[in-house]
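One file, work.cif, carrying mmCIF, C-alpha atoms and all ligand atoms:
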```cif
data_structure
loop_
_atom_site.label_atom_id
_atom_site.label_comp_id
_atom_site.auth_asym_id
_atom_site.auth_seq_id
_atom_site.Cartn_x
_atom_site.Cartn_y
_atom_site.Cartn_z
CA MET A 25 25.20 6.36 19.61
CA SER A 26 26.95 8.93 17.44
CA THR A 27 24.22 8.78 14.77
CA GLU A 28 21.68 9.72 17.41
CA ASN A 29 23.75 12.77 18.36
CA GLN A 30 23.62 14.06 14.81
CA PRO A 31 20.14 13.25 13.60
CA GLU A 32 19.07 14.02 10.07
CA ILE A 33 15.45 13.77 11.14
CA VAL A 34 13.53 14.60 14.29
CA LEU A 35 10.44 12.38 14.49
CA TYR A 36 7.45 13.63 16.47
CA ASP A 37 5.70 10.59 17.92
CA LEU A 38 2.81 9.97 20.32
CA ALA A 39 3.74 9.51 23.98
CA CYS A 40 2.53 6.44 25.85
CA VAL A 41 3.50 4.93 29.19
CA LYS A 42 5.61 2.26 27.49
CA ASN A 43 7.94 4.99 26.20
CA PHE A 44 8.13 3.52 22.73
CA CYS A 45 6.17 3.83 19.52
CA LEU A 46 2.52 2.79 19.71
CA SER A 47 0.83 4.61 16.83
CA PRO A 48 0.34 2.50 13.68
CA VAL A 49 0.69 5.63 11.56
CA VAL A 50 3.98 6.73 13.15
CA TRP A 51 5.26 3.17 12.79
CA ARG A 52 4.98 3.51 9.00
CA ILE A 53 7.42 6.42 9.03
CA ARG A 54 9.64 4.91 11.70
CA MET A 55 10.01 1.77 9.57
CA ILE A 56 11.07 3.89 6.58
CA LEU A 57 13.71 5.61 8.74
CA ASN A 58 14.92 2.28 10.08
CA TYR A 59 14.89 0.58 6.67
CA LYS A 60 16.88 3.40 5.10
CA LYS A 61 19.10 3.73 8.19
CA ILE A 62 18.50 7.47 8.37
CA PRO A 63 19.83 8.82 11.68
CA TYR A 64 16.94 10.24 13.70
CA ARG A 65 15.82 11.05 17.17
CA THR A 66 12.32 10.98 18.60
CA ILE A 67 10.30 13.55 20.48
CA PHE A 68 7.30 11.96 22.16
CA ILE A 69 4.31 14.29 22.60
CA GLU A 70 1.22 13.88 24.78
CA PHE A 71 -2.11 14.08 22.88
CA PRO A 72 -3.11 17.52 24.22
CA ASP A 73 0.32 18.91 23.34
CA ILE A 74 0.31 17.90 19.65
CA GLU A 75 -1.43 21.04 18.35
CA PRO A 76 0.44 23.56 20.56
CA THR A 77 3.79 21.90 19.72
CA MET A 78 3.14 21.99 15.96
CA LYS A 79 2.00 25.60 16.13
CA ALA A 80 5.05 26.54 18.18
CA ILE A 81 7.41 25.11 15.56
CA GLY A 82 5.54 27.10 12.91
CA LEU A 83 4.05 24.15 11.05
CA PRO A 84 1.01 25.27 9.04
CA LEU A 85 -1.93 22.83 9.02
CA PRO A 86 -1.84 21.18 5.56
CA GLU A 87 -5.00 21.76 3.48
CA SER A 88 -5.60 18.02 3.33
CA GLU A 89 -5.73 17.69 7.14
CA THR A 90 -8.43 18.72 9.62
CA LYS A 91 -6.27 18.67 12.74
CA TYR A 92 -2.66 18.49 13.88
CA THR A 93 -1.42 14.92 14.15
CA VAL A 94 1.71 12.84 14.49
CA PRO A 95 3.79 11.73 12.70
CA ALA A 96 5.49 15.02 11.94
CA ILE A 97 9.16 15.47 11.15
CA GLN A 98 11.87 18.07 11.11
CA HIS A 99 14.44 17.57 8.34
CA VAL A 100 17.41 18.98 10.22
CA PRO A 101 19.77 19.81 7.29
CA SER A 102 17.18 22.05 5.63
CA ASN A 103 15.35 22.97 8.86
CA THR A 104 12.00 22.11 7.28
CA TYR A 105 9.01 20.67 9.07
CA MET A 106 6.16 18.61 7.70
CA MET A 107 3.28 16.47 8.93
CA GLY A 108 1.15 13.70 7.43
CA SER A 109 2.46 10.20 6.90
CA ASP A 110 2.03 10.12 3.10
CA PRO A 111 3.82 13.42 2.32
CA ILE A 112 6.56 12.45 4.81
CA ALA A 113 6.99 9.06 3.12
CA GLU A 114 7.32 10.71 -0.31
CA PHE A 115 9.77 13.28 1.05
CA LEU A 116 11.95 10.62 2.66
CA GLU A 117 11.96 8.54 -0.53
CA SER A 118 13.00 11.47 -2.72
CA THR A 119 15.58 12.79 -0.22
CA TYR A 120 17.04 9.40 0.75
CA PRO A 121 16.55 7.23 -2.36
CA GLU A 122 18.81 4.37 -1.18
CA PRO A 123 17.77 1.71 -0.50
CA PRO A 124 14.72 2.34 -2.68
CA LEU A 125 11.22 1.85 -1.29
CA SER A 126 8.12 1.60 -3.45
CA ILE A 127 5.75 4.19 -1.99
CA ALA A 128 2.80 3.50 -4.29
CA SER A 129 2.04 0.36 -6.28
CA GLU A 130 -1.22 -0.88 -7.69
CA LEU A 131 -1.28 -3.89 -5.34
CA GLY A 132 -0.15 -1.87 -2.32
CA THR A 133 -2.82 0.77 -2.88
CA LYS A 134 -5.49 -1.90 -3.31
CA ILE A 135 -4.46 -3.55 -0.04
CA GLN A 136 -4.40 -0.28 1.91
CA THR A 137 -7.81 0.73 0.54
CA GLN A 138 -9.37 -2.64 1.35
CA ALA A 139 -7.83 -2.71 4.82
CA ARG A 140 -9.29 0.73 5.51
CA THR A 141 -12.76 -0.22 4.30
CA ALA A 142 -12.99 -3.84 5.49
CA ALA A 143 -11.04 -4.00 8.72
CA TRP A 144 -10.51 -0.51 10.11
CA LEU A 145 -13.63 -0.15 12.30
CA THR A 146 -13.25 -3.61 13.83
CA PHE A 147 -9.54 -3.01 14.45
CA ARG A 148 -10.21 0.44 15.93
CA ASN A 149 -12.89 -0.88 18.28
CA SER A 150 -10.55 -3.60 19.56
CA VAL A 151 -7.65 -1.22 20.07
CA VAL A 152 -9.13 2.09 21.27
CA PRO A 153 -10.67 1.00 24.61
CA ARG A 154 -7.46 -0.87 25.49
CA GLU A 155 -4.86 1.65 24.38
CA TYR A 156 -6.62 4.22 26.58
CA HIS A 157 -4.86 2.49 29.50
CA LEU A 158 -1.46 3.15 27.91
CA PHE A 159 -1.78 6.93 28.14
CA SER A 160 -0.94 9.38 30.90
CA PRO A 161 -3.88 10.90 32.81
CA ARG A 162 -3.72 14.10 30.68
CA SER A 163 -3.73 12.16 27.44
CA GLN A 164 -6.44 9.83 28.75
CA GLU A 165 -8.74 12.79 29.35
CA PHE A 166 -8.12 14.07 25.80
CA PHE A 167 -8.39 10.61 24.26
CA ARG A 168 -11.64 9.71 26.02
CA ARG A 169 -13.30 13.02 25.14
CA THR A 170 -12.31 12.96 21.46
CA ARG A 171 -12.77 9.24 20.81
CA GLU A 172 -16.11 8.97 22.60
CA ALA A 173 -17.33 11.93 20.51
CA THR A 174 -16.25 10.15 17.31
CA ILE A 175 -17.39 6.65 18.23
CA GLY A 176 -20.58 7.82 19.92
CA GLN A 177 -20.39 5.68 23.04
CA PRO A 178 -18.37 5.34 26.26
CA LEU A 179 -15.08 3.51 25.75
CA GLU A 180 -16.20 0.90 28.29
CA ASP A 181 -19.21 -0.07 26.12
CA ILE A 182 -17.28 -0.79 22.94
CA LEU A 183 -16.19 -4.28 24.01
CA LYS A 184 -19.37 -5.22 25.91
CA GLY A 185 -20.60 -8.81 25.65
CA ASP A 186 -19.52 -10.65 22.52
CA ARG A 187 -19.42 -7.56 20.31
CA GLU A 188 -15.71 -7.97 19.59
CA ASP A 189 -15.95 -11.65 18.56
CA GLU A 190 -18.99 -10.91 16.41
CA SER A 191 -17.27 -8.04 14.69
CA TRP A 192 -14.15 -10.04 13.81
CA LYS A 193 -16.34 -12.95 12.66
CA ALA A 194 -18.32 -10.61 10.41
CA ILE A 195 -15.22 -9.31 8.62
CA ASP A 196 -13.63 -12.74 8.16
CA PRO A 197 -14.59 -13.03 4.44
CA GLU A 198 -13.00 -9.62 3.76
CA MET A 199 -9.95 -10.56 5.83
CA GLN A 200 -9.59 -13.74 3.76
CA LYS A 201 -9.58 -11.66 0.59
CA LEU A 202 -6.98 -9.32 2.07
CA ASN A 203 -4.94 -12.32 3.12
CA THR A 204 -4.95 -13.62 -0.46
CA LEU A 205 -3.85 -10.21 -1.74
CA LEU A 206 -1.02 -10.07 0.81
CA LEU A 207 0.23 -13.44 -0.43
CA THR A 208 0.11 -12.47 -4.14
CA ASN A 209 3.90 -12.48 -4.53
CA SER A 210 4.82 -14.88 -1.73
CA ALA A 211 6.62 -17.21 -4.14
CA GLN A 212 9.14 -14.40 -4.74
CA GLY A 213 9.52 -13.27 -1.12
CA PRO A 214 7.70 -12.43 2.12
CA PHE A 215 6.73 -8.84 1.26
CA ILE A 216 3.65 -7.61 -0.59
CA LEU A 217 5.67 -7.01 -3.76
CA GLY A 218 7.85 -10.09 -3.18
CA GLU A 219 11.51 -9.69 -2.34
CA GLN A 220 11.65 -6.02 -1.31
CA PRO A 221 9.61 -4.15 1.29
CA SER A 222 7.28 -1.35 0.25
CA TYR A 223 5.33 1.36 2.07
CA ALA A 224 2.25 -0.91 2.00
CA ASP A 225 4.14 -3.51 4.07
CA PHE A 226 4.87 -0.85 6.68
CA PHE A 227 1.19 0.11 6.68
CA ILE A 228 0.20 -3.50 7.47
CA ALA A 229 3.05 -4.18 9.91
CA GLY A 230 2.27 -0.90 11.75
CA LEU A 231 -1.27 -2.09 12.43
CA LEU A 232 -0.02 -5.40 13.82
CA GLN A 233 2.67 -3.76 15.92
CA CYS A 234 0.14 -1.32 17.41
CA ALA A 235 -2.15 -4.26 18.19
CA ARG A 236 0.69 -6.21 19.78
CA THR A 237 1.76 -3.28 21.95
CA THR A 238 -1.85 -2.75 23.02
CA GLU A 239 -2.88 -6.36 23.66
CA GLU A 240 -1.60 -9.68 22.38
CA SER A 241 -5.11 -11.06 21.77
CA VAL A 242 -5.82 -8.30 19.23
CA PHE A 243 -2.52 -9.01 17.50
CA GLN A 244 -3.47 -12.69 17.27
CA ARG A 245 -6.76 -11.85 15.58
CA LEU A 246 -4.72 -10.41 12.70
CA ALA A 247 -1.71 -12.71 12.81
CA LYS A 248 -3.85 -15.83 12.41
CA TYR A 249 -4.10 -14.86 8.72
CA PRO A 250 -0.84 -16.12 7.15
CA GLY A 251 -0.46 -13.10 4.87
CA PHE A 252 -0.56 -10.67 7.80
CA ASP A 253 1.78 -12.86 9.82
CA GLN A 254 4.26 -13.15 6.95
CA VAL A 255 4.41 -9.40 6.28
CA TYR A 256 4.70 -8.65 10.00
CA ASN A 257 7.60 -11.05 10.53
CA ALA A 258 9.40 -9.80 7.42
CA CYS A 259 9.17 -6.23 8.78
CA LEU A 260 10.49 -7.07 12.28
CA PRO A 261 14.06 -5.96 11.39
CA PHE A 262 12.67 -2.48 10.70
CA MET A 263 11.03 -2.28 14.13
CA GLU A 264 14.15 -2.64 16.22
CA LYS A 265 14.57 1.07 16.91
CA ARG A 266 11.27 1.97 18.49
CA ASP A 267 12.01 5.13 20.49
N1 LIG A 301 -3.53 11.83 8.39
C1 LIG A 301 -2.63 11.58 9.41
C2 LIG A 301 -3.29 10.75 10.51
C3 LIG A 301 -2.36 10.51 11.64
C4 LIG A 301 -3.09 10.26 12.95
O1 LIG A 301 -4.31 9.98 13.00
N2 LIG A 301 -2.33 10.38 14.06
C5 LIG A 301 -2.91 10.28 15.39
C6 LIG A 301 -2.05 9.39 16.25
S1 LIG A 301 -2.21 7.71 15.70
C7 LIG A 301 -2.92 11.67 16.02
O2 LIG A 301 -1.91 12.34 16.04
N3 LIG A 301 -4.05 12.10 16.55
C8 LIG A 301 -4.16 13.39 17.18
C9 LIG A 301 -5.56 13.66 17.67
O3 LIG A 301 -6.39 12.77 17.60
O4 LIG A 301 -5.79 14.78 18.12
C10 LIG A 301 -1.40 10.87 8.84
O5 LIG A 301 -1.53 9.93 8.04
O6 LIG A 301 -0.31 11.28 9.20
#
```
How would this structure read if it were set down as structure tokens?
Ligand SMILES: N[C@@H](CCC(=O)N[C@@H](CS)C(=O)NCC(=O)O)C(=O)O
Amino acid sequence: MSTENQPEIVLYDLACVKNFCLSPVVWRIRMILNYKKIPYRTIFIEFPDIEPTMKAIGLPLPESETKYTVPAIQHVPSNTYMMGSDPIAEFLESTYPEPPLSIASELGTKIQTQARTAAWLTFRNSVVPREYHLFSPRSQEFFRRTREATIGQPLEDILKGDREDESWKAIDPEMQKLNTLLLTNSAQGPFILGEQPSYADFFIAGLLQCARTTEESVFQRLAKYPGFDQVYNACLPFMEKRD
């Protein structure tokens, strides 16, 4: 495609054996690029190559970050590089204001905060031991070492017995509250703010898309809540370009 030959943006994404986007965080940025129809191309990077690649392109580690991560972007016209999903989202909104995307709203911020506090650990524990199998041997070694250090147990133990079911059952009341918040404006449209998508929708849809790519059963645990399902389906048009 001609737009892909002349990208405005180079998107640094995480490599996986499916050769398309897996990371929920990169999905947020990818959905902005797709929504705004900004021409871009993707460079997929293996986990152990993220830091050396970022250093090689001269990207300083932002003060707010403790390690190099994807997403990162190059804005080709100005030859500037940046990392961190939130600063990238703000940059894209100010540089490409049409069509507009609400980056921060009171409701969106509330939903993102509650999702992080109520659902994140349960989601992570369902996804991490499974997505391990989607990485190359080099990335698997890196992923196992770093994630086992953070989680404090072997990946194989995370899903032992009925731990997963129990964990999802335990967060059901919080998920119900999140579901209600997601449906706040459903009379006006399928997105969190109603008719138009916002960054918070891409946050939610990115989680579901990561779950779906990793394992359908994890996706279903989220999609059974109508608010999650509605936002996910409304964002599907922005997930068409995935590599
Ligand atoms: N604060 C970062 C977090 C992004 C993040 O955690 N990215 C993961 C991929 S999903 C990563 O690159 N991890 C590298 C590592 O663990 O070394 C952002 O919002 O951009």
Please indicate the distance in Å from atom CA of Val41 of chain A to atom CA of Leu158 of chain A, rounded to one decimal place.
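So the answer is 5.4 Å.
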Please identify every polymer residue within 6 Å of ligand LIG 301 (chain A), using all atoms listed in the file, and present the set as a VMD selection string.
chain A and resid 47 49 93 to 95 108 to 109
Measuring atom to atom with all atoms listed in the file, identify which of A:Asn58, A:Asn203, A:Asn43, A:Gln30 is nearest to His99 of chain A.
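Of A:Asn58, A:Asn203, A:Asn43, A:Gln30, the one nearest His99 of chain A, counting all atoms listed in the file, is A:Gln30.
Here the question is which of A:Glu188, A:Glu114, A:Glu219, A:Glu172 gets nearest to Leu145 of chain A using all atoms listed in the file, and that residue is A:Glu188.
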Find the distance between atom CA of Ala113 of chain A and atom CA of Thr170 of chain A and write it in Å to one decimal.
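According to the coordinates, atom CA of Ala113 of chain A and atom CA of Thr170 of chain A are separated by 26.9 Å.
Straight-line separation from atom CA of Tyr120 of chain A to atom CA of Phe226 of chain A: 17.0 Å.
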Residues at most 12 Å from Arg245 of chain A, counting all atoms listed in the file, excluding those fewer than 5 positions away in the same chain, as a VMD selection string?
chain A and resid 143 146 to 147 150 to 151 188 to 189 191 to 193 195 to 196 199 231 to 232 235 to 236 239 to 240 250 252 to 253
From the options A:Tyr105, A:Tyr64, A:Phe167, A:Phe262, which residue's atoms come nearest to Val152 of chain A, counting all atoms listed in the file?
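Of all the options, A:Phe167 lies closest to Val152 of chain A.
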Nearest residue to Thr137 of chain A out of A:Leu35, A:Leu217, A:Leu202, A:Ala80, using all atoms listed in the file?
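Result for the nearest residue to Thr137 of chain A: A:Leu202.
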Option closest in space to Phe44 of chain A, from A:Ala194, A:Met263, A:Leu246, A:Ala173 [counting all atoms listed in the file]:
A:Met263
